$ cat work-v8.tsv   # TSV, C-alpha atoms
chain	number	residue	atom	x	y	z
A	1346	MET	CA	23.45	-5.50	23.58
A	1347	PRO	CA	19.77	-4.91	22.70
A	1348	GLU	CA	17.28	-5.30	25.50
A	1349	ARG	CA	15.22	-8.47	25.28
A	1350	ARG	CA	11.48	-7.89	25.43
A	1351	ARG	CA	9.65	-10.10	27.93
A	1352	ARG	CA	6.72	-12.01	26.51
A	1353	THR	CA	3.46	-11.40	28.32
A	1354	VAL	CA	0.29	-13.46	28.63
A	1355	ARG	CA	-1.23	-11.12	26.05
A	1356	ASP	CA	1.64	-11.88	23.65
A	1357	LEU	CA	1.05	-15.61	24.12
A	1358	ARG	CA	-2.68	-15.29	23.45
A	1359	ARG	CA	-1.98	-13.25	20.33
A	1360	THR	CA	0.46	-15.90	19.09
A	1361	ASN	CA	-2.03	-18.69	19.76
A	1362	ARG	CA	-4.78	-16.74	18.03
A	1363	SER	CA	-2.55	-16.27	14.99
A	1364	VAL	CA	-1.62	-19.96	14.82
A	1365	LEU	CA	-5.26	-21.05	14.98
A	1366	LEU	CA	-6.58	-18.36	12.67
A	1367	ARG	CA	-4.03	-19.11	9.97
A	1368	ARG	CA	-4.74	-22.84	10.14
A	1369	LEU	CA	-8.50	-22.27	9.91
A	1370	TYR	CA	-8.17	-19.68	7.15
A	1371	PHE	CA	-5.91	-21.70	4.87
A	1372	ASP	CA	-6.92	-25.27	5.75
A	1373	GLY	CA	-10.42	-25.11	7.27
A	1374	PRO	CA	-12.98	-26.30	8.01
A	1375	LEU	CA	-11.30	-28.07	10.93
A	1376	SER	CA	-12.49	-29.33	14.29
A	1377	ARG	CA	-11.09	-28.30	17.66
A	1378	GLN	CA	-9.48	-31.73	17.85
A	1379	ASP	CA	-7.85	-31.20	14.44
A	1380	LEU	CA	-6.53	-27.82	15.55
A	1381	ALA	CA	-5.02	-29.22	18.73
A	1382	ARG	CA	-3.37	-32.09	16.89
A	1383	GLU	CA	-2.02	-30.00	14.00
A	1384	THR	CA	-0.82	-26.97	15.97
A	1385	GLY	CA	0.51	-28.65	19.10
A	1386	LEU	CA	-1.57	-26.37	21.32
A	1387	SER	CA	-3.37	-27.89	24.30
A	1388	PRO	CA	-7.10	-28.67	23.92
A	1389	ALA	CA	-7.79	-26.10	26.65
A	1390	SER	CA	-5.88	-23.37	24.80
A	1391	VAL	CA	-7.65	-24.23	21.56
A	1392	SER	CA	-11.04	-24.17	23.25
A	1393	ASN	CA	-10.40	-20.81	24.92
A	1394	VAL	CA	-9.12	-19.05	21.79
A	1395	VAL	CA	-11.78	-20.58	19.53
A	1396	SER	CA	-14.51	-19.44	21.93
A	1397	GLU	CA	-13.11	-15.91	21.77
A	1398	LEU	CA	-12.99	-15.99	17.95
A	1399	ILE	CA	-16.55	-17.30	17.71
A	1400	GLU	CA	-17.72	-14.57	20.10
A	1401	THR	CA	-16.20	-11.87	17.88
A	1402	GLY	CA	-17.81	-13.43	14.78
A	1403	LEU	CA	-14.50	-14.12	13.08
A	1404	VAL	CA	-14.96	-17.91	13.27
A	1405	VAL	CA	-18.22	-19.79	12.70
A	1406	GLU	CA	-19.36	-23.39	12.90
A	1407	ALA	CA	-19.49	-25.23	9.55
A	1408	GLY	CA	-21.30	-28.48	10.22
A	1409	SER	CA	-19.96	-31.60	11.88
A	1410	VAL	CA	-18.30	-34.92	11.13
A	1411	GLY	CA	-18.59	-38.27	12.88
A	1412	SER	CA	-15.93	-39.57	15.22
A	1413	ASP	CA	-14.96	-43.07	16.26
A	1414	GLY	CA	-17.49	-44.00	18.91
A	1415	GLY	CA	-17.90	-40.50	20.27
A	1416	ARG	CA	-19.96	-37.40	19.70
A	1417	PRO	CA	-19.77	-35.74	16.26
A	1418	ARG	CA	-16.95	-33.22	15.96
A	1419	VAL	CA	-18.02	-29.64	15.18
A	1420	LEU	CA	-16.15	-28.13	12.22
A	1421	LEU	CA	-15.00	-24.51	12.28
A	1422	LYS	CA	-14.03	-22.00	9.59
A	1423	THR	CA	-13.35	-18.30	9.25
A	1424	ALA	CA	-16.42	-16.22	8.43
A	1425	ALA	CA	-16.24	-14.72	4.92
A	1426	GLY	CA	-18.72	-12.03	5.88
A	1427	TYR	CA	-16.97	-10.98	9.08
A	1428	GLY	CA	-15.42	-7.97	7.39
A	1429	HIS	CA	-14.17	-6.55	4.12
A	1430	LEU	CA	-10.79	-5.80	2.60
A	1431	VAL	CA	-9.77	-3.19	0.05
A	1432	GLY	CA	-6.84	-3.73	-2.31
A	1433	VAL	CA	-5.40	-0.85	-4.33
A	1434	ASP	CA	-3.04	-1.31	-7.27
A	1435	VAL	CA	-1.20	1.93	-8.07
A	1436	GLY	CA	0.13	1.54	-11.58
A	1437	GLU	CA	1.58	4.01	-14.05
A	1438	THR	CA	-1.51	4.09	-16.27
A	1439	ARG	CA	-4.31	3.58	-13.74
A	1440	VAL	CA	-5.28	3.14	-10.11
A	1441	MET	CA	-7.35	0.03	-9.45
A	1442	VAL	CA	-9.41	-0.10	-6.26
A	1443	GLU	CA	-11.10	-3.42	-5.44
A	1444	LEU	CA	-13.30	-4.54	-2.54
A	1445	PHE	CA	-13.23	-8.13	-1.27
A	1446	ASP	CA	-14.82	-10.24	1.42
A	1447	LEU	CA	-12.61	-12.09	3.88
A	1448	GLU	CA	-12.17	-15.00	1.42
A	1449	LEU	CA	-10.96	-12.52	-1.23
A	1450	THR	CA	-14.02	-12.82	-3.42
A	1451	GLN	CA	-14.19	-9.58	-5.41
A	1452	LEU	CA	-17.34	-7.59	-4.65
A	1453	ALA	CA	-16.67	-4.29	-6.45
A	1454	LYS	CA	-14.02	-2.55	-8.54
A	1455	ALA	CA	-13.14	1.00	-9.59
A	1456	ASP	CA	-10.72	1.46	-12.50
A	1457	LEU	CA	-9.39	5.04	-12.52
A	1458	PRO	CA	-7.07	6.04	-15.40
A	1459	LEU	CA	-3.97	8.18	-14.90
A	1460	GLY	CA	-2.91	10.56	-17.63
A	1461	ASP	CA	0.68	11.37	-16.69
A	1462	GLY	CA	2.34	8.01	-16.08
A	1463	GLY	CA	1.61	8.21	-12.36
A	1464	ARG	CA	3.99	11.12	-11.74
A	1465	ASP	CA	1.55	13.35	-9.86
A	1466	GLU	CA	1.26	11.81	-6.40
A	1467	ARG	CA	-1.65	14.12	-5.57
A	1468	ALA	CA	-3.65	12.72	-8.49
A	1469	VAL	CA	-2.90	9.19	-7.30
A	1470	VAL	CA	-4.11	10.06	-3.80
A	1471	ARG	CA	-7.30	11.64	-5.21
A	1472	HIS	CA	-7.98	8.50	-7.26
A	1473	ILE	CA	-7.55	6.23	-4.23
A	1474	LEU	CA	-9.77	8.44	-2.06
A	1475	ASP	CA	-12.39	8.59	-4.82
A	1476	GLY	CA	-12.22	4.83	-5.33
A	1477	LEU	CA	-12.84	3.93	-1.69
A	1478	PRO	CA	-16.42	5.28	-1.43
A	1479	ALA	CA	-17.10	4.11	-5.00
A	1480	VAL	CA	-16.46	0.43	-4.21
A	1481	ILE	CA	-18.00	0.58	-0.73
A	1482	GLU	CA	-21.22	2.07	-2.07
A	1483	SER	CA	-21.25	-0.17	-5.16
A	1484	ALA	CA	-21.16	-3.29	-2.99
A	1485	SER	CA	-23.57	-1.79	-0.43
A	1486	VAL	CA	-21.33	-2.67	2.51
A	1487	ASP	CA	-21.05	-0.84	5.81
A	1488	PRO	CA	-17.80	1.16	5.87
A	1489	ALA	CA	-17.45	0.09	9.51
A	1490	SER	CA	-16.85	-3.45	8.23
A	1491	ILE	CA	-13.65	-2.49	6.40
A	1492	ILE	CA	-10.75	-4.25	8.14
A	1493	GLY	CA	-8.17	-2.27	6.22
A	1494	VAL	CA	-7.00	-0.82	2.93
A	1495	GLY	CA	-3.88	-2.31	1.32
A	1496	VAL	CA	-2.05	-0.20	-1.25
A	1497	GLY	CA	0.50	-1.70	-3.66
A	1498	VAL	CA	2.84	0.88	-5.22
A	1499	PRO	CA	5.87	0.88	-7.54
A	1500	GLY	CA	9.32	1.56	-6.15
A	1501	VAL	CA	10.91	1.30	-2.70
A	1502	VAL	CA	8.59	1.59	0.29
A	1503	GLU	CA	10.30	2.86	3.43
A	1504	HIS	CA	8.40	2.24	6.66
A	1505	ARG	CA	9.04	4.86	9.34
A	1506	VAL	CA	7.54	5.70	12.70
A	1507	VAL	CA	6.66	9.39	13.01
A	1508	GLU	CA	5.16	10.64	16.28
A	1509	HIS	CA	4.48	7.04	17.34
A	1510	ARG	CA	2.53	6.26	14.17
A	1511	PRO	CA	3.62	4.13	11.22
A	1512	GLU	CA	4.22	6.01	8.00
A	1513	ALA	CA	5.03	4.58	4.59
A	1514	VAL	CA	7.21	6.75	2.34
A	1515	VAL	CA	7.63	5.86	-1.34
A	1516	HIS	CA	10.77	6.30	-3.45
A	1517	CYS	CA	10.32	5.61	-7.17
A	1518	GLN	CA	12.86	7.27	-9.46
A	1519	THR	CA	11.19	6.11	-12.66
A	1520	ILE	CA	8.08	8.23	-11.99
A	1521	GLY	CA	9.81	11.01	-10.06
A	1522	TRP	CA	8.66	10.08	-6.55
A	1523	ASP	CA	11.38	11.01	-4.06
A	1524	GLY	CA	10.29	10.34	-0.49
A	1525	VAL	CA	6.55	10.79	-1.14
A	1526	PRO	CA	4.70	10.50	2.22
A	1527	LEU	CA	1.87	8.53	0.64
A	1528	GLU	CA	0.41	7.11	3.84
A	1529	ARG	CA	0.28	10.55	5.48
A	1530	MET	CA	-1.37	12.04	2.39
A	1531	LEU	CA	-4.01	9.31	2.36
A	1532	ARG	CA	-4.71	9.73	6.06
A	1533	GLU	CA	-5.80	13.29	5.40
A	1534	GLY	CA	-8.74	11.89	3.44
A	1535	THR	CA	-9.66	8.61	5.16
A	1536	ARG	CA	-9.79	7.16	8.66
A	1537	LEU	CA	-9.69	3.58	7.41
A	1538	PRO	CA	-6.58	1.60	8.48
A	1539	LEU	CA	-3.86	1.76	5.80
A	1540	PHE	CA	-1.19	-0.74	4.81
A	1541	VAL	CA	1.24	0.36	2.07
A	1542	ASP	CA	3.79	-1.91	0.38
A	1543	ASN	CA	5.62	-2.49	-2.87
A	1544	GLY	CA	3.35	-3.94	-5.56
A	1545	ALA	CA	5.66	-6.85	-6.40
A	1546	ALA	CA	5.89	-7.80	-2.72
A	1547	SER	CA	2.09	-7.68	-2.44
A	1548	LEU	CA	1.73	-9.80	-5.57
A	1549	GLY	CA	4.30	-12.24	-4.19
A	1550	GLN	CA	2.36	-12.71	-0.95
A	1551	ALA	CA	-0.87	-13.39	-2.84
A	1552	GLU	CA	0.78	-15.91	-5.15
A	1553	MET	CA	2.38	-17.74	-2.22
A	1554	TRP	CA	-0.93	-17.88	-0.35
A	1555	PHE	CA	-3.41	-18.61	-3.16
A	1556	GLY	CA	-1.59	-19.00	-6.48
A	1557	ALA	CA	1.39	-20.63	-8.14
A	1558	GLY	CA	3.53	-20.49	-5.00
A	1559	ARG	CA	1.06	-22.25	-2.70
A	1560	GLY	CA	2.73	-25.17	-0.96
A	1561	HIS	CA	6.24	-23.89	-1.67
A	1562	ARG	CA	8.65	-22.31	0.81
A	1563	GLY	CA	10.63	-20.18	-1.63
A	1564	ALA	CA	9.92	-18.47	-4.93
A	1565	VAL	CA	10.72	-15.35	-6.89
A	1566	VAL	CA	7.64	-13.54	-8.18
A	1567	ALA	CA	8.38	-11.24	-11.11
A	1568	LEU	CA	6.05	-8.30	-11.80
A	1569	ILE	CA	6.25	-7.03	-15.38
A	1570	GLY	CA	4.04	-4.11	-16.33
A	1571	SER	CA	5.01	-0.65	-17.48
A	1572	GLY	CA	8.05	-1.22	-15.27
A	1573	VAL	CA	9.68	-4.33	-13.81
A	1574	GLY	CA	10.07	-5.56	-10.23
A	1575	ALA	CA	10.34	-8.80	-8.29
A	1576	ALA	CA	9.77	-10.22	-4.83
A	1577	LEU	CA	12.03	-12.82	-3.28
A	1578	MET	CA	9.67	-14.88	-1.11
A	1579	ILE	CA	11.23	-16.81	1.77
A	1580	ASP	CA	8.91	-18.97	3.90
A	1581	GLY	CA	5.98	-17.07	2.45
A	1582	SER	CA	7.26	-13.57	3.26
A	1583	PRO	CA	9.13	-11.08	1.03
A	1584	TYR	CA	12.78	-10.38	1.70
A	1585	ARG	CA	13.04	-6.59	2.01
A	1586	GLY	CA	16.72	-5.79	2.48
A	1587	ALA	CA	18.17	-3.32	4.96
A	1588	ALA	CA	16.06	-0.33	3.85
A	1589	GLY	CA	13.11	-1.97	2.11
A	1590	GLY	CA	14.74	-1.71	-1.32
A	1591	ALA	CA	15.13	-5.39	-2.19
A	1592	GLY	CA	13.33	-6.54	-5.33
A	1593	GLU	CA	14.26	-3.79	-7.80
A	1594	TRP	CA	15.11	-6.49	-10.35
A	1595	GLY	CA	14.18	-4.19	-13.22
A	1596	HIS	CA	17.15	-1.99	-12.37
A	1597	THR	CA	19.79	-4.69	-12.47
A	1598	THR	CA	22.13	-4.22	-15.44
A	1599	SER	CA	21.23	-6.26	-18.49
A	1600	ARG	CA	23.72	-4.59	-20.85
A	1601	VAL	CA	26.65	-2.40	-19.76
A	1602	GLY	CA	26.34	0.99	-21.44
A	1603	GLY	CA	23.04	-0.10	-22.95
A	1604	ALA	CA	19.75	1.67	-23.57
A	1605	PRO	CA	18.87	4.64	-21.31
A	1606	CYS	CA	16.51	3.73	-18.48
A	1607	ARG	CA	13.88	5.95	-16.89
A	1608	CYS	CA	15.73	5.65	-13.57
A	1609	GLY	CA	18.63	7.63	-15.05
A	1610	SER	CA	21.00	4.69	-15.52
A	1611	ARG	CA	21.73	2.72	-18.69
A	1612	GLY	CA	21.22	-0.89	-19.68
A	1613	CYS	CA	18.69	-1.79	-16.97
A	1614	LEU	CA	16.57	-4.89	-17.57
A	1615	GLU	CA	13.47	-2.66	-17.47
A	1616	SER	CA	14.72	-0.73	-20.49
A	1617	TYR	CA	14.50	-3.97	-22.54
A	1618	VAL	CA	11.47	-5.84	-21.16
A	1619	GLY	CA	9.31	-3.23	-19.38
A	1620	ALA	CA	6.20	-2.40	-21.42
A	1621	THR	CA	6.88	1.33	-21.63
A	1622	ALA	CA	10.40	0.90	-23.04
A	1623	LEU	CA	9.42	-2.07	-25.18
A	1624	LEU	CA	6.60	-0.19	-26.86
A	1625	GLU	CA	8.85	2.80	-27.50
A	1626	ARG	CA	11.16	0.44	-29.39
A	1627	TYR	CA	8.18	-1.02	-31.26
A	1628	ARG	CA	6.99	2.41	-32.36
A	1629	ALA	CA	10.52	3.29	-33.44
A	1630	ALA	CA	10.49	0.12	-35.58
A	1631	GLY	CA	7.25	1.16	-37.30
A	1632	GLY	CA	4.63	-0.07	-34.86
A	1633	PRO	CA	1.36	1.85	-34.47
A	1634	ALA	CA	1.27	4.97	-32.30
A	1635	GLY	CA	-1.55	6.32	-30.21
A	1636	THR	CA	-2.97	3.08	-28.78
A	1637	GLY	CA	-3.07	2.06	-25.13
A	1638	GLU	CA	-0.20	0.04	-23.70
A	1639	GLU	CA	-2.09	-3.24	-23.39
A	1640	ALA	CA	-3.51	-3.05	-26.92
A	1641	ALA	CA	-0.13	-2.02	-28.31
A	1642	LEU	CA	1.67	-4.89	-26.58
A	1643	ALA	CA	-0.92	-7.39	-27.79
A	1644	GLY	CA	-0.37	-5.99	-31.29
A	1645	LEU	CA	3.39	-6.43	-31.02
A	1646	LEU	CA	3.01	-10.03	-29.91
A	1647	ALA	CA	0.76	-10.80	-32.89
A	1648	ASP	CA	2.58	-8.70	-35.51
A	1649	PRO	CA	3.99	-10.99	-38.27
A	1650	SER	CA	6.55	-8.44	-39.51
A	1651	GLU	CA	10.28	-9.18	-39.35
A	1652	ALA	CA	10.88	-6.14	-37.16
A	1653	ALA	CA	8.29	-7.28	-34.60
A	1654	ALA	CA	9.61	-10.86	-34.67
A	1655	ALA	CA	13.17	-9.62	-34.02
A	1656	LEU	CA	11.93	-7.47	-31.14
A	1657	ARG	CA	10.08	-10.43	-29.62
A	1658	GLU	CA	13.23	-12.56	-29.79
A	1659	ASP	CA	15.22	-9.78	-28.13
A	1660	VAL	CA	12.66	-9.53	-25.32
A	1661	ALA	CA	12.68	-13.30	-24.77
A	1662	GLU	CA	16.48	-13.34	-24.57
A	1663	HIS	CA	16.76	-10.38	-22.20
A	1664	LEU	CA	13.98	-11.71	-20.00
A	1665	GLY	CA	15.51	-15.19	-20.00
A	1666	ALA	CA	18.91	-13.78	-19.06
A	1667	GLY	CA	17.32	-11.73	-16.27
A	1668	ILE	CA	15.50	-14.78	-14.92
A	1669	ALA	CA	18.77	-16.75	-15.12
A	1670	ASP	CA	20.31	-14.15	-12.80
A	1671	LEU	CA	17.53	-14.86	-10.29
A	1672	VAL	CA	18.09	-18.60	-10.63
A	1673	ASN	CA	21.86	-18.30	-10.15
A	1674	LEU	CA	21.60	-15.87	-7.23
A	1675	PHE	CA	18.76	-17.40	-5.23
A	1676	GLY	CA	18.12	-20.95	-6.49
A	1677	PRO	CA	14.36	-20.69	-5.90
A	1678	GLU	CA	11.90	-23.54	-6.24
A	1679	LYS	CA	9.85	-21.43	-8.64
A	1680	ILE	CA	10.03	-18.32	-10.77
A	1681	ILE	CA	6.50	-16.92	-11.18
A	1682	ILE	CA	5.90	-14.34	-13.92
A	1683	GLY	CA	3.04	-11.92	-13.27
A	1684	GLY	CA	1.82	-8.43	-14.10
A	1685	TRP	CA	-0.36	-7.58	-17.07
A	1686	ALA	CA	2.61	-7.34	-19.46
A	1687	GLY	CA	4.29	-10.42	-17.99
A	1688	LEU	CA	1.16	-12.48	-18.56
A	1689	LEU	CA	0.81	-11.23	-22.15
A	1690	ILE	CA	4.47	-11.86	-22.98
A	1691	GLY	CA	4.64	-15.15	-21.09
A	1692	GLY	CA	1.38	-16.37	-22.56
A	1693	ARG	CA	2.84	-16.01	-26.04
A	1694	MET	CA	6.54	-16.79	-25.49
A	1695	LEU	CA	7.01	-18.77	-22.28
A	1696	ASP	CA	8.79	-21.63	-24.06
A	1697	ARG	CA	11.33	-19.22	-25.61
A	1698	ILE	CA	11.83	-17.44	-22.28
A	1699	VAL	CA	12.50	-20.78	-20.55
A	1700	ALA	CA	14.94	-21.77	-23.30
A	1701	ALA	CA	16.80	-18.47	-22.94
A	1702	THR	CA	16.91	-18.93	-19.17
A	1703	ALA	CA	18.43	-22.39	-19.62
A	1704	ALA	CA	21.10	-20.94	-21.93
A	1705	TYR	CA	22.22	-18.36	-19.34
A	1706	ALA	CA	21.63	-20.17	-16.02
A	1707	LEU	CA	23.85	-22.66	-14.27
A	1708	ARG	CA	22.56	-26.16	-15.02
A	1709	GLN	CA	22.17	-27.47	-11.47
A	1710	PRO	CA	20.02	-24.66	-9.97
A	1711	PHE	CA	18.07	-24.32	-13.23
A	1712	ALA	CA	17.19	-28.02	-13.13
A	1713	ARG	CA	15.63	-27.51	-9.70
A	1714	THR	CA	13.61	-24.41	-10.67
A	1715	SER	CA	10.29	-24.30	-12.50
A	1716	ILE	CA	9.11	-21.21	-14.40
A	1717	GLU	CA	5.43	-20.52	-14.77
A	1718	LEU	CA	2.85	-17.77	-15.03
A	1719	CYS	CA	1.00	-16.12	-12.18
A	1720	HIS	CA	-2.25	-17.95	-11.37
A	1721	LEU	CA	-4.17	-14.94	-10.07
A	1722	GLY	CA	-4.41	-13.00	-13.32
A	1723	PRO	CA	-3.55	-9.45	-14.40
A	1724	GLU	CA	-5.26	-7.86	-11.36
A	1725	ALA	CA	-3.24	-9.88	-8.85
A	1726	VAL	CA	-1.53	-6.79	-7.39
A	1727	ALA	CA	-4.89	-5.57	-6.05
A	1728	VAL	CA	-5.51	-9.04	-4.57
A	1729	GLY	CA	-2.03	-8.92	-3.08
A	1730	ALA	CA	-2.65	-5.48	-1.63
A	1731	ALA	CA	-5.79	-6.80	0.07
A	1732	THR	CA	-3.68	-9.48	1.76
A	1733	LEU	CA	-1.80	-6.74	3.66
A	1734	PRO	CA	-4.65	-5.97	6.11
A	1735	LEU	CA	-5.62	-9.65	5.99
A	1736	ALA	CA	-2.11	-10.62	7.13
A	1737	HIS	CA	-2.39	-8.18	10.04
A	1738	LEU	CA	-5.63	-9.85	11.08
A	1739	LEU	CA	-4.24	-13.39	10.71
A	1740	ASP	CA	-1.10	-12.44	12.63
A	1741	GLY	CA	-3.27	-11.98	15.69
A	1742	GLY	CA	-3.77	-8.25	15.33
A	1743	ASP	CA	-6.81	-6.62	16.85
A	1744	PRO	CA	-9.71	-7.62	14.55
A	1745	ALA	CA	-10.84	-4.01	14.84
A	1746	GLY	CA	-7.56	-2.59	13.58
A	1747	ALA	CA	-4.96	-2.15	16.30
A	1748	ARG	CA	-2.88	0.26	14.22
A	1749	TRP	CA	-5.33	3.06	14.90
A	1750	PRO	CA	-5.40	4.68	18.34
A	1751	GLY	CA	-8.83	4.68	19.92
A	1752	GLY	CA	-10.29	1.94	17.74
A	1753	GLY	CA	-10.41	0.70	14.18
A	1754	PRO	CA	-12.92	0.10	11.47
A	1755	ARG	CA	-15.67	-0.87	13.90
A	1756	GLY	CA	-17.43	2.40	14.48
A	1757	ILE	CA	-15.47	4.32	11.82
A	1758	MET	CA	-17.98	5.80	9.41
A	1759	ALA	CA	-15.75	8.09	7.35
A	1760	TYR	CA	-14.15	6.71	4.20

$ encode --input "work-v8.tsv" --output "structure tokens"
Amino acid sequence: MPERRRRTVRDLRRTNRSVLLRRLYFDGPLSRQDLARETGLSPASVSNVVSELIETGLVVEAGSVGSDGGRPRVLLKTAAGYGHLVGVDVGETRVMVELFDLELTQLAKADLPLGDGGRDERAVVRHILDGLPAVIESASVDPASIIGVGVGVPGVVEHRVVEHRPEAVVHCQTIGWDGVPLERMLREGTRLPLFVDNGAASLGQAEMWFGAGRGHRGAVVALIGSGVGAALMIDGSPYRGAAGGAGEWGHTTSRVGGAPCRCGSRGCLESYVGATALLERYRAAGGPAGTGEEAALAGLLADPSEAAAALREDVAEHLGAGIADLVNLFGPEKIIIGGWAGLLIGGRMLDRIVAATAAYALRQPFARTSIELCHLGPEAVAVGAATLPLAHLLDGGDPAGARWPGGGPRGIMAY
């Protein structure tokens, strides 16, 4: 029987800090009285924790409102300028590095193209390490203000503990990554706190917090780009499975014995709706060669030829059937389609995709599910990646980055 860990006073304070921070971040400005009423914490506990948060600069006063017969109530909110967050989207064609304030307002961006489909992990690491000083210097912010760097990657992210330190290892068969120690490689070039996760899971968290999933307990967020993935969001958090491999929706079987997939199998959904495979089929049908993926996909969606129209119908049917699998398996409140390719395809063909989903899904769960596009745009994975260090902060973690022995971003001057 596993040993039960005793909760300490420090654990209780951290929990209380998380409860109050999250309420202020997502619902503020709020008064101390509002916080006590809405969280169930005692006025004394609220006052003590709020005083601590104000002292650190993480919470500031935001005016006041009148009260019935008493003194005006002081409103509180989180301070957007308290620190900065970096979100990194590792795709197959580019690495996007973006810098945000605490309210996730974008302050700077570095778009760094990849020439080999993302196969060379060393090139990816170089791009990330080049992008960090680029965005920090572009926005003229103090590197000591960086709360953390979130990195969203394709494939399965395995979180290990090596020599008492967390280490994220990435497995992505489609680009040839087999146990790539990405976090360790990045640590060789930066002392900033790192948080690595699957890109679809990062996107899912952002959409649940700020986008189409806000206010909902459960949703499936589909990420369609060069490849295909998904995040099953339960109570705002991604379901990860036993080894962190949940969400590889693109490698469910769409057609037994079907088209070869980059993962080495056949008939995967990705081999019919992922942008890389889709554009290969378009070129084979006479589409233009030599253009970038986004331009080529936009061309396919606008092409009036019979071959392009037939390919679009095939994509809508395969995507609808794949979404129907999600509906039948999980019965979510929402299916949210994101990713640059997902937004292009959905923006042109959402009605046909929904109709195909209805044809393949069971009627009762389909009737209770809505299907819509991601609200945060084609760069939502970078926003989602930035929520990784933000979540650590809101969960009551040390505002200076408790993951790093001997301190955190405060006082760290190296990128």

$ closest_residue --input "work-v8.tsv" --among "A:Val1660, A:Ala1551, A:Val1494, A:Leu1452" --to "Glu1615 (chain A)" --atoms "all atoms listed in the file"
A:Val1660

$ atom_distance --input "work-v8.tsv" --atom1 "CA of Arg1416 (chain A)" --atom2 "CA of Gln1378 (chain A)"
12.1 Å

$ residues_around --input "work-v8.tsv" --residues "region 1648-1654 of chain A" --least-positions-apart "6" --cutoff "9 Å" --atoms "all atoms listed in the file" --output "list in words"
Tyr1627, Ala1630, Gly1631 and Gly1632 of chain A

$ closest_residue --input "work-v8.tsv" --among "A:Ala1622, A:Gly1687, A:Ala1703, A:Leu1642" --to "Ala1666 (chain A)" --atoms "all atoms listed in the file"
A:Ala1703

$ closest_residue --input "work-v8.tsv" --among "A:Met1578, A:Ala1640, A:Val1404, A:Ala1634" --to "Gly1558 (chain A)" --atoms "only C-alpha atoms"
A:Met1578

$ axis_aligned_box --input "work-v8.tsv" --around "region 1559-1571 of chain A" --padding-each-side "5 Å" --output "JSON"
{"center_x": 5.9, "center_y": -12.9, "center_z": -8.3, "size_x": 19.7, "size_y": 34.5, "size_z": 28.3}

$ residues_around --input "work-v8.tsv" --residues "Pro1478 (chain A)" --least-positions-apart "4" --cutoff "12 Å" --atoms "only C-alpha atoms" --output "PDB file with C-alpha atoms, in the coordinates of the input"
ATOM      1  CA  VAL A1431      -9.770  -3.190   0.050  1.00  0.00           C
ATOM      2  CA  VAL A1442      -9.410  -0.100  -6.260  1.00  0.00           C
ATOM      3  CA  GLU A1443     -11.100  -3.420  -5.440  1.00  0.00           C
ATOM      4  CA  LEU A1444     -13.300  -4.540  -2.540  1.00  0.00           C
ATOM      5  CA  ALA A1453     -16.670  -4.290  -6.450  1.00  0.00           C
ATOM      6  CA  LYS A1454     -14.020  -2.550  -8.540  1.00  0.00           C
ATOM      7  CA  ALA A1455     -13.140   1.000  -9.590  1.00  0.00           C
ATOM      8  CA  ARG A1471      -7.300  11.640  -5.210  1.00  0.00           C
ATOM      9  CA  HIS A1472      -7.980   8.500  -7.260  1.00  0.00           C
ATOM     10  CA  ILE A1473      -7.550   6.230  -4.230  1.00  0.00           C
ATOM     11  CA  LEU A1474      -9.770   8.440  -2.060  1.00  0.00           C
ATOM     12  CA  GLU A1482     -21.220   2.070  -2.070  1.00  0.00           C
ATOM     13  CA  SER A1483     -21.250  -0.170  -5.160  1.00  0.00           C
ATOM     14  CA  ALA A1484     -21.160  -3.290  -2.990  1.00  0.00           C
ATOM     15  CA  SER A1485     -23.570  -1.790  -0.430  1.00  0.00           C
ATOM     16  CA  VAL A1486     -21.330  -2.670   2.510  1.00  0.00           C
ATOM     17  CA  ASP A1487     -21.050  -0.840   5.810  1.00  0.00           C
ATOM     18  CA  PRO A1488     -17.800   1.160   5.870  1.00  0.00           C
ATOM     19  CA  ILE A1491     -13.650  -2.490   6.400  1.00  0.00           C
ATOM     20  CA  GLY A1534      -8.740  11.890   3.440  1.00  0.00           C
ATOM     21  CA  THR A1535      -9.660   8.610   5.160  1.00  0.00           C
ATOM     22  CA  LEU A1537      -9.690   3.580   7.410  1.00  0.00           C
ATOM     23  CA  MET A1758     -17.980   5.800   9.410  1.00  0.00           C
ATOM     24  CA  ALA A1759     -15.750   8.090   7.350  1.00  0.00           C
ATOM     25  CA  TYR A1760     -14.150   6.710   4.200  1.00  0.00           C
TER      26      TYR A1760
END

$ atom_distance --input "work-v8.tsv" --atom1 "CA of Asn1673 (chain A)" --atom2 "CA of His1516 (chain A)"
27.8 Å

$ closest_residue --input "work-v8.tsv" --among "A:Gly1556, A:Pro1374, A:Gly1411, A:Gly1500" --to "Trp1594 (chain A)" --atoms "all atoms listed in the file"
A:Gly1500

$ residues_near_point --input "work-v8.tsv" --point "(-18.4, -17.6, 10.5)" --cutoff "7 Å" --atoms "only C-alpha atoms" --output "list in words"
Gly1402, Leu1403, Val1404, Val1405, Glu1406, Lys1422, Thr1423, Ala1424, Ala1425 and Tyr1427 of chain A

$ closest_residue --input "work-v8.tsv" --among "A:Gly1462, A:Gly1729, A:Gly1589, A:Gly1570" --to "Leu1623 (chain A)" --atoms "only C-alpha atoms"
A:Gly1570

$ residues_around --input "work-v8.tsv" --residues "Val1507 (chain A)" --least-positions-apart "4" --cutoff "12 Å" --atoms "only C-alpha atoms" --output "VMD selection string"
chain A and resid 1511 to 1514 1526 1528 to 1529

$ write_last_selection --input "work-v8.tsv" --atoms "C-alpha atoms" --output "CSV table (one decimal), keeping the file's coordinate frame"
chain,number,residue,atom,x,y,z
A,1511,PRO,CA,3.6,4.1,11.2
A,1512,GLU,CA,4.2,6.0,8.0
A,1513,ALA,CA,5.0,4.6,4.6
A,1514,VAL,CA,7.2,6.8,2.3
A,1526,PRO,CA,4.7,10.5,2.2
A,1528,GLU,CA,0.4,7.1,3.8
A,1529,ARG,CA,0.3,10.6,5.5
